[in-house]
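Source file my_file29.csv; content: CSV, C-alpha atoms.
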```
chain,number,residue,atom,x,y,z
G,71,MET,CA,55.2,34.4,15.2
G,72,PRO,CA,57.0,32.7,12.3
G,73,GLU,CA,60.3,34.1,13.6
G,74,ARG,CA,59.6,32.4,16.9
G,75,THR,CA,58.9,29.1,15.1
G,76,ASP,CA,62.0,29.4,13.0
G,77,ASP,CA,64.0,30.0,16.1
G,78,VAL,CA,62.5,26.9,17.7
G,79,LEU,CA,63.2,24.8,14.6
G,80,ASN,CA,66.8,26.0,14.4
G,81,ARG,CA,67.4,25.3,18.0
G,82,PHE,CA,65.8,21.9,17.7
G,83,ARG,CA,68.1,21.1,14.8
G,84,GLN,CA,71.0,21.9,17.0
G,85,GLY,CA,69.8,19.5,19.7
G,86,ASP,CA,68.2,22.0,22.1
G,87,LEU,CA,65.9,19.9,24.4
G,88,ASN,CA,63.7,22.9,25.3
G,89,ALA,CA,63.0,23.5,21.6
G,90,PHE,CA,62.2,19.8,21.2
G,91,GLU,CA,59.8,20.0,24.1
G,92,SER,CA,58.1,23.1,22.5
G,93,LEU,CA,57.7,21.2,19.3
G,94,PHE,CA,56.4,18.1,21.2
G,95,ARG,CA,53.8,20.2,23.0
G,96,GLU,CA,52.7,21.8,19.8
G,97,HIS,CA,52.5,18.7,17.6
G,98,GLN,CA,51.8,15.7,20.0
G,99,ARG,CA,48.1,15.9,19.5
G,100,SER,CA,48.2,15.9,15.7
G,101,VAL,CA,50.9,13.1,15.6
G,102,TYR,CA,48.8,11.0,18.0
G,103,GLY,CA,45.7,11.6,16.0
G,104,TRP,CA,47.5,10.6,12.8
G,105,ILE,CA,48.9,7.4,14.3
G,106,LEU,CA,45.5,6.6,15.8
G,107,ARG,CA,44.0,6.7,12.3
G,108,VAL,CA,46.5,4.2,11.1
G,109,VAL,CA,46.7,1.7,14.0
G,110,ARG,CA,43.2,2.2,15.4
G,111,ASP,CA,44.2,1.3,18.9
G,112,PRO,CA,44.4,4.3,21.4
G,113,ALA,CA,47.0,2.5,23.7
G,114,ALA,CA,49.2,1.6,20.8
G,115,ALA,CA,48.9,5.1,19.4
G,116,GLU,CA,50.2,6.6,22.7
G,117,ASP,CA,53.2,4.2,22.7
G,118,LEU,CA,53.9,5.0,19.0
G,119,THR,CA,53.6,8.7,19.7
G,120,VAL,CA,56.4,8.3,22.2
G,121,GLU,CA,58.4,6.2,19.7
G,122,THR,CA,57.8,8.8,17.0
G,123,PHE,CA,59.1,11.7,19.1
G,124,TRP,CA,62.0,9.6,20.2
G,125,ARG,CA,62.9,9.0,16.5
G,126,ILE,CA,62.3,12.7,15.8
G,127,GLN,CA,64.8,13.6,18.5
G,128,ARG,CA,67.3,11.1,17.2
G,129,ALA,CA,67.0,12.6,13.7
G,130,HIS,CA,67.2,16.3,14.8
G,131,ALA,CA,70.4,16.9,12.9
G,132,ARG,CA,68.8,15.8,9.6
G,133,PHE,CA,65.9,18.1,9.9
G,134,GLU,CA,65.8,21.1,7.5
G,135,PRO,CA,64.4,24.1,9.3
G,136,ALA,CA,63.3,25.7,6.0
G,137,ARG,CA,60.8,22.9,5.6
G,138,PRO,CA,57.6,22.5,7.7
G,139,PHE,CA,57.9,20.3,10.8
G,140,GLU,CA,54.4,18.7,10.6
G,141,PRO,CA,54.8,16.7,7.4
G,142,TRP,CA,58.2,15.5,8.5
G,143,ALA,CA,56.9,14.4,11.9
G,144,ARG,CA,53.9,12.7,10.1
G,145,ARG,CA,56.2,10.8,7.9
G,146,ILE,CA,58.2,9.5,10.8
G,147,ALA,CA,55.0,8.7,12.6
G,148,THR,CA,53.7,6.7,9.6
G,149,ARG,CA,56.9,4.7,9.4
G,150,ALA,CA,56.7,3.9,13.2
G,151,ALA,CA,53.1,2.9,12.7
G,152,LEU,CA,54.0,0.7,9.7
G,153,ASP,CA,56.7,-1.0,11.7
G,154,TRP,CA,54.1,-1.7,14.4
G,155,LEU,CA,51.6,-3.1,11.9
G,156,ARG,CA,54.3,-5.3,10.4
G,157,ALA,CA,55.4,-6.7,13.8
G,158,ARG,CA,51.8,-7.4,14.8
G,159,ARG,CA,50.2,-10.7,13.8
G,160,PRO,CA,47.3,-10.1,11.4
G,161,GLU,CA,45.0,-12.4,13.3
G,162,THR,CA,45.2,-10.1,16.4
G,163,LEU,CA,44.3,-7.0,14.4
G,164,LEU,CA,41.0,-5.1,14.7
G,165,THR,CA,39.1,-7.2,17.2
G,166,ASP,CA,35.6,-6.1,18.1
G,167,GLN,CA,37.0,-4.5,21.2
G,168,ASP,CA,39.4,-2.4,19.1
G,169,VAL,CA,36.5,-1.2,16.9
G,170,ALA,CA,34.2,-0.6,19.9
G,171,GLY,CA,37.0,1.3,21.7
G,172,LEU,CA,37.6,3.8,19.0
G,173,PRO,CA,36.7,7.3,20.0
G,174,SER,CA,34.2,7.7,17.2
G,175,THR,CA,31.7,5.0,16.3
G,176,PRO,CA,28.9,5.9,13.9
G,177,ALA,CA,25.6,4.0,14.0
G,178,PRO,CA,25.8,0.8,12.0
G,179,ASP,CA,24.3,0.8,8.5
G,180,PRO,CA,21.4,-1.7,8.6
G,181,GLY,CA,22.3,-2.5,5.0
G,182,ILE,CA,25.5,-4.2,6.0
G,183,ALA,CA,25.0,-7.2,8.3
G,184,ALA,CA,27.2,-7.7,11.3
G,185,GLU,CA,28.6,-10.9,9.7
G,186,ILE,CA,29.8,-9.0,6.6
G,187,ARG,CA,31.4,-6.4,8.9
G,188,ALA,CA,33.2,-9.1,10.9
G,189,LYS,CA,34.4,-10.9,7.7
G,190,ALA,CA,35.5,-7.5,6.2
G,191,SER,CA,37.4,-6.7,9.4
G,192,GLN,CA,39.2,-10.1,9.1
G,193,ALA,CA,39.9,-9.6,5.4
G,194,PHE,CA,41.2,-6.1,6.1
G,195,ALA,CA,43.5,-7.4,8.8
G,196,ARG,CA,45.0,-9.9,6.3
G,197,LEU,CA,46.0,-7.1,3.8
G,198,PRO,CA,49.7,-6.3,3.6
G,199,PRO,CA,50.5,-3.4,6.0
G,200,GLY,CA,51.4,-1.0,3.1
G,201,LEU,CA,48.1,-1.5,1.4
G,202,ARG,CA,46.2,-1.4,4.7
G,203,ILE,CA,47.6,2.1,5.6
G,204,ALA,CA,46.9,3.5,2.2
G,205,ALA,CA,43.3,2.1,2.3
G,206,VAL,CA,42.5,3.2,5.8
G,207,LEU,CA,43.8,6.7,5.3
G,208,SER,CA,42.3,7.2,1.8
G,209,ILE,CA,39.0,5.4,2.1
G,210,VAL,CA,38.0,5.4,5.8
G,211,GLU,CA,39.7,8.6,7.0
G,212,GLU,CA,39.2,10.3,3.6
G,213,GLN,CA,42.6,12.0,3.7
G,214,PRO,CA,43.7,13.6,0.4
G,215,HIS,CA,45.9,11.3,-1.7
G,216,LYS,CA,48.6,14.0,-1.6
G,217,ASP,CA,48.8,13.9,2.2
G,218,VAL,CA,48.8,10.1,2.2
G,219,ALA,CA,51.6,10.1,-0.4
G,220,ALA,CA,53.7,12.5,1.6
G,221,ALA,CA,53.2,10.5,4.8
G,222,LEU,CA,54.2,7.3,3.1
G,223,GLY,CA,57.0,8.8,1.1
G,224,ILE,CA,55.5,7.6,-2.2
G,225,SER,CA,53.8,9.2,-5.2
G,226,VAL,CA,50.1,10.0,-5.5
G,227,GLY,CA,49.9,7.4,-8.3
G,228,ALA,CA,51.4,4.8,-6.0
G,229,VAL,CA,48.8,5.6,-3.4
G,230,LYS,CA,46.0,5.2,-5.9
G,231,LEU,CA,47.5,1.9,-7.0
G,232,ARG,CA,47.7,0.7,-3.4
G,233,VAL,CA,44.1,1.6,-2.7
G,234,PHE,CA,43.0,-0.1,-5.9
G,235,ARG,CA,45.0,-3.3,-5.0
G,236,ALA,CA,43.6,-3.2,-1.4
G,237,ILE,CA,40.0,-3.0,-2.7
G,238,ARG,CA,40.6,-5.8,-5.2
G,239,MET,CA,42.2,-8.1,-2.5
G,240,LEU,CA,39.4,-7.3,-0.1
G,241,ARG,CA,36.8,-8.2,-2.7
G,242,LYS,CA,38.6,-11.5,-3.5
G,243,ASP,CA,38.9,-12.4,0.2
G,244,LEU,CA,35.3,-11.6,0.9
G,245,LEU,CA,34.2,-13.8,-2.1
G,246,GLU,CA,36.4,-16.6,-0.8
G,247,GLN,CA,34.5,-16.3,2.5
G,248,GLY,CA,31.2,-16.6,0.7
G,249,ILE,CA,30.4,-12.9,0.8
G,250,ARG,CA,29.3,-11.3,-2.5
G,251,PRO,CA,29.8,-7.5,-2.0
U,209,MET,CA,35.8,-5.4,-10.8
U,210,ASN,CA,33.3,-2.7,-11.8
U,211,LYS,CA,32.6,0.7,-10.2
U,212,HIS,CA,29.7,-0.7,-8.3
U,213,ASP,CA,31.8,-3.4,-6.6
U,214,GLU,CA,34.4,-0.8,-5.8
U,215,ALA,CA,31.9,1.6,-4.2
U,216,ARG,CA,30.4,-1.3,-2.2
U,217,ILE,CA,33.7,-2.5,-0.9
U,218,LYS,CA,34.5,1.1,0.2
U,219,GLN,CA,31.2,1.4,1.9
U,220,ILE,CA,31.7,-1.9,3.8
U,221,LEU,CA,35.2,-0.8,4.8
U,222,ARG,CA,33.9,2.6,6.1
U,223,GLU,CA,31.2,0.7,8.0
U,224,THR,CA,33.6,-1.9,9.4
U,225,LEU,CA,36.2,0.6,10.5
U,226,PRO,CA,34.7,3.8,11.8
U,227,PRO,CA,36.9,6.9,11.3
U,228,ALA,CA,38.9,8.0,14.3
U,229,ASP,CA,37.7,11.0,16.2
U,230,PRO,CA,39.7,14.0,14.8
U,231,ALA,CA,39.7,15.6,18.3
U,232,ALA,CA,41.2,12.5,19.9
U,233,GLU,CA,43.9,13.2,22.5
U,234,PRO,CA,46.3,11.0,24.4
U,235,SER,CA,44.9,9.9,27.8
U,236,ARG,CA,48.0,11.1,29.6
U,237,ASP,CA,50.9,13.5,29.2
U,238,LEU,CA,53.4,11.7,27.0
U,239,TRP,CA,56.3,14.1,27.6
U,240,PRO,CA,57.7,12.2,30.6
U,241,ALA,CA,57.8,9.0,28.6
U,242,VAL,CA,59.5,10.7,25.6
U,243,LEU,CA,62.1,12.2,28.0
U,244,ARG,CA,62.8,8.8,29.6
U,245,ARG,CA,63.3,7.3,26.2
U,246,VAL,CA,65.6,10.1,25.1
U,247,ASP,CA,67.5,9.9,28.4
U,248,ALA,CA,67.9,6.1,28.0
U,249,GLU,CA,69.2,6.6,24.5
U,250,THR,CA,71.7,9.3,25.7
U,251,GLY,CA,72.9,7.0,28.5
U,252,ALA,CA,73.3,4.1,26.0
U,253,ASP,CA,75.3,6.3,23.7
U,254,ARG,CA,77.6,7.4,26.5
U,255,ALA,CA,78.1,3.8,27.4
U,256,GLU,CA,78.8,2.9,23.8
U,257,GLY,CA,81.3,5.8,23.6
U,258,LEU,CA,83.7,3.7,25.6
U,259,GLY,CA,83.2,0.7,23.4
U,260,PRO,CA,84.7,1.9,20.1
U,261,VAL,CA,87.8,3.2,21.9
U,262,ARG,CA,88.4,-0.2,23.4
U,263,GLN,CA,87.6,-1.9,20.1
U,264,ASN,CA,90.0,0.4,18.3
U,265,TRP,CA,92.8,-0.3,20.8
U,266,PHE,CA,92.2,-4.0,20.4
U,267,ASP,CA,92.1,-3.8,16.6
U,268,TRP,CA,95.4,-2.0,16.5
U,269,ALA,CA,97.0,-4.5,19.0
U,270,LEU,CA,95.8,-7.4,16.9
U,271,LEU,CA,97.2,-5.8,13.7
U,272,ALA,CA,100.5,-5.1,15.4
U,273,ALA,CA,100.8,-8.7,16.6
U,274,LEU,CA,100.0,-9.9,13.1
U,275,VAL,CA,102.7,-7.7,11.6
U,276,ILE,CA,105.3,-8.8,14.1
U,277,PHE,CA,104.4,-12.4,13.5
U,278,ALA,CA,104.6,-11.9,9.7
U,279,VAL,CA,108.0,-10.2,10.0
U,280,SER,CA,109.3,-12.9,12.3
U,281,PHE,CA,108.1,-15.8,10.2
U,282,PRO,CA,107.8,-14.5,6.6
U,283,ALA,CA,107.0,-18.0,5.3
U,284,THR,CA,103.6,-17.9,7.0
U,285,ILE,CA,102.5,-14.8,5.0
U,286,PRO,CA,101.0,-16.9,2.1
U,287,VAL,CA,99.2,-19.1,4.6
U,288,LEU,CA,97.8,-15.9,6.3
U,289,LEU,CA,96.8,-14.4,3.0
U,290,TYR,CA,95.1,-17.6,2.1
U,291,TYR,CA,92.9,-17.5,5.2
U,292,LEU,CA,92.1,-13.7,5.0
```
Serialized structure, structure tokens:
Amino acid sequence: MPERTDDVLNRFRQGDLNAFESLFREHQRSVYGWILRVVRDPAAAEDLTVETFWRIQRAHARFEPARPFEPWARRIATRAALDWLRARRPETLLTDQDVAGLPSTPAPDPGIAAEIRAKASQAFARLPPGLRIAAVLSIVEEQPHKDVAAALGISVGAVKLRVFRAIRMLRKDLLEQGIRP
Amino acid sequence: MNKHDEARIKQILRETLPPADPAAEPSRDLWPAVLRRVDAETGADRAEGLGPVRQNWFDWALLAALVIFAVSFPATIPVLLYYL
């Protein structure tokens, strides 16, 4: 089985379109899922999955077959998602429809009022995209810092720092909106 | 900011942004869209392939004209150098 994978990866590196399709079929779900975690919009996640695989195909000659494909693809996906977040106006982020449209919506905690959630959503949307990604992947999606660091191409320490800064900025923003967490 | 505040902010964030379904899948087959994008890029590359040749040819022609002009009118060389 690993021989088959190595063969596919080698052929992909040489620009073989069939090998690229095999890799697409194998990894599209995980890439889509990762992007969805970051952008939280199923339609945008689909578009960004296409964008990611297009970038992957363009970069095929730079791929090192000795290294695993998945983390490489995830890093490209994260960069595409980050570009999308940067291009999007913060005010349009995370509307109620976005949140309601997510595939998984747990029952609301009665301890947290709807007003607080709405203001927290707005405050989160105002965070710089780099901090937003680190916070959503680490806190909400509970991804290991190591994986988040690999996807963002930064160190584990830098991820922890971004999460800390995101929390501090959220707290400050909520306080300014009259919400004491 | 103390530990309690930090934990509370995390809790609010988790409540505000529910985690995505780990089993989520695209609603459609994305391969045709990827293929269209790759084909469009390949087509654009092919079209661009003609561009650099033309540009090269034009660059060389411009350089040749400049050299002929400079040889014919050496007094203009300092003026040309001044504007380069």
Sorted by chain and rising residue number, list the residues of chain U at most 10 Å from chain G (counting only C-alpha atoms), each with its closest atom pair and distance in Å to one decimal, as a tab-separated table.
```
residue	atom	partner	partner_atom	distance
U:Met209	CA	G:Arg238	CA	7.4
U:His212	CA	G:Pro251	CA	9.3
U:Asp213	CA	G:Pro251	CA	6.5
U:Glu214	CA	G:Ile237	CA	6.8
U:Ala215	CA	G:Ile237	CA	9.4
U:Arg216	CA	G:Pro251	CA	6.2
U:Ile217	CA	G:Pro251	CA	6.4
U:Lys218	CA	G:Ile209	CA	6.5
U:Gln219	CA	G:Ile209	CA	8.8
U:Ile220	CA	G:Arg187	CA	6.8
U:Leu221	CA	G:Ala190	CA	6.9
U:Arg222	CA	G:Val210	CA	5.0
U:Glu223	CA	G:Pro178	CA	6.7
U:Thr224	CA	G:Arg187	CA	5.0
U:Leu225	CA	G:Val169	CA	6.7
U:Pro226	CA	G:Thr175	CA	5.5
U:Pro227	CA	G:Glu211	CA	5.4
U:Ala228	CA	G:Ser174	CA	5.5
U:Asp229	CA	G:Ser174	CA	4.9
U:Pro230	CA	G:Gly103	CA	6.6
U:Ala231	CA	G:Gly103	CA	7.6
U:Ala232	CA	G:Gly103	CA	6.0
U:Glu233	CA	G:Arg99	CA	5.8
U:Pro234	CA	G:Glu116	CA	6.1
U:Ser235	CA	G:Glu116	CA	8.1
U:Arg236	CA	G:Glu116	CA	8.5
U:Asp237	CA	G:Gln98	CA	9.5
U:Leu238	CA	G:Val120	CA	6.6
U:Trp239	CA	G:Phe94	CA	7.5
U:Pro240	CA	G:Val120	CA	9.4
U:Ala241	CA	G:Val120	CA	6.6
U:Val242	CA	G:Val120	CA	5.2
U:Leu243	CA	G:Trp124	CA	8.2
U:Arg244	CA	G:Trp124	CA	9.5
U:Arg245	CA	G:Trp124	CA	6.6
U:Val246	CA	G:Trp124	CA	6.1
U:Asp247	CA	G:Trp124	CA	9.9
U:Glu249	CA	G:Arg128	CA	8.8
U:Thr250	CA	G:Arg128	CA	9.7
```
Can you work out the spacing between atom CA of Arg132 of chain G and atom CA of Asp76 of chain G in Å, to one decimal? 15.6 Å
Find, counting only C-alpha atoms, the residue in G:Phe90, G:Ile249, G:Pro199, G:Ala114 that gets nearest to Phe139 of chain G. G:Phe90
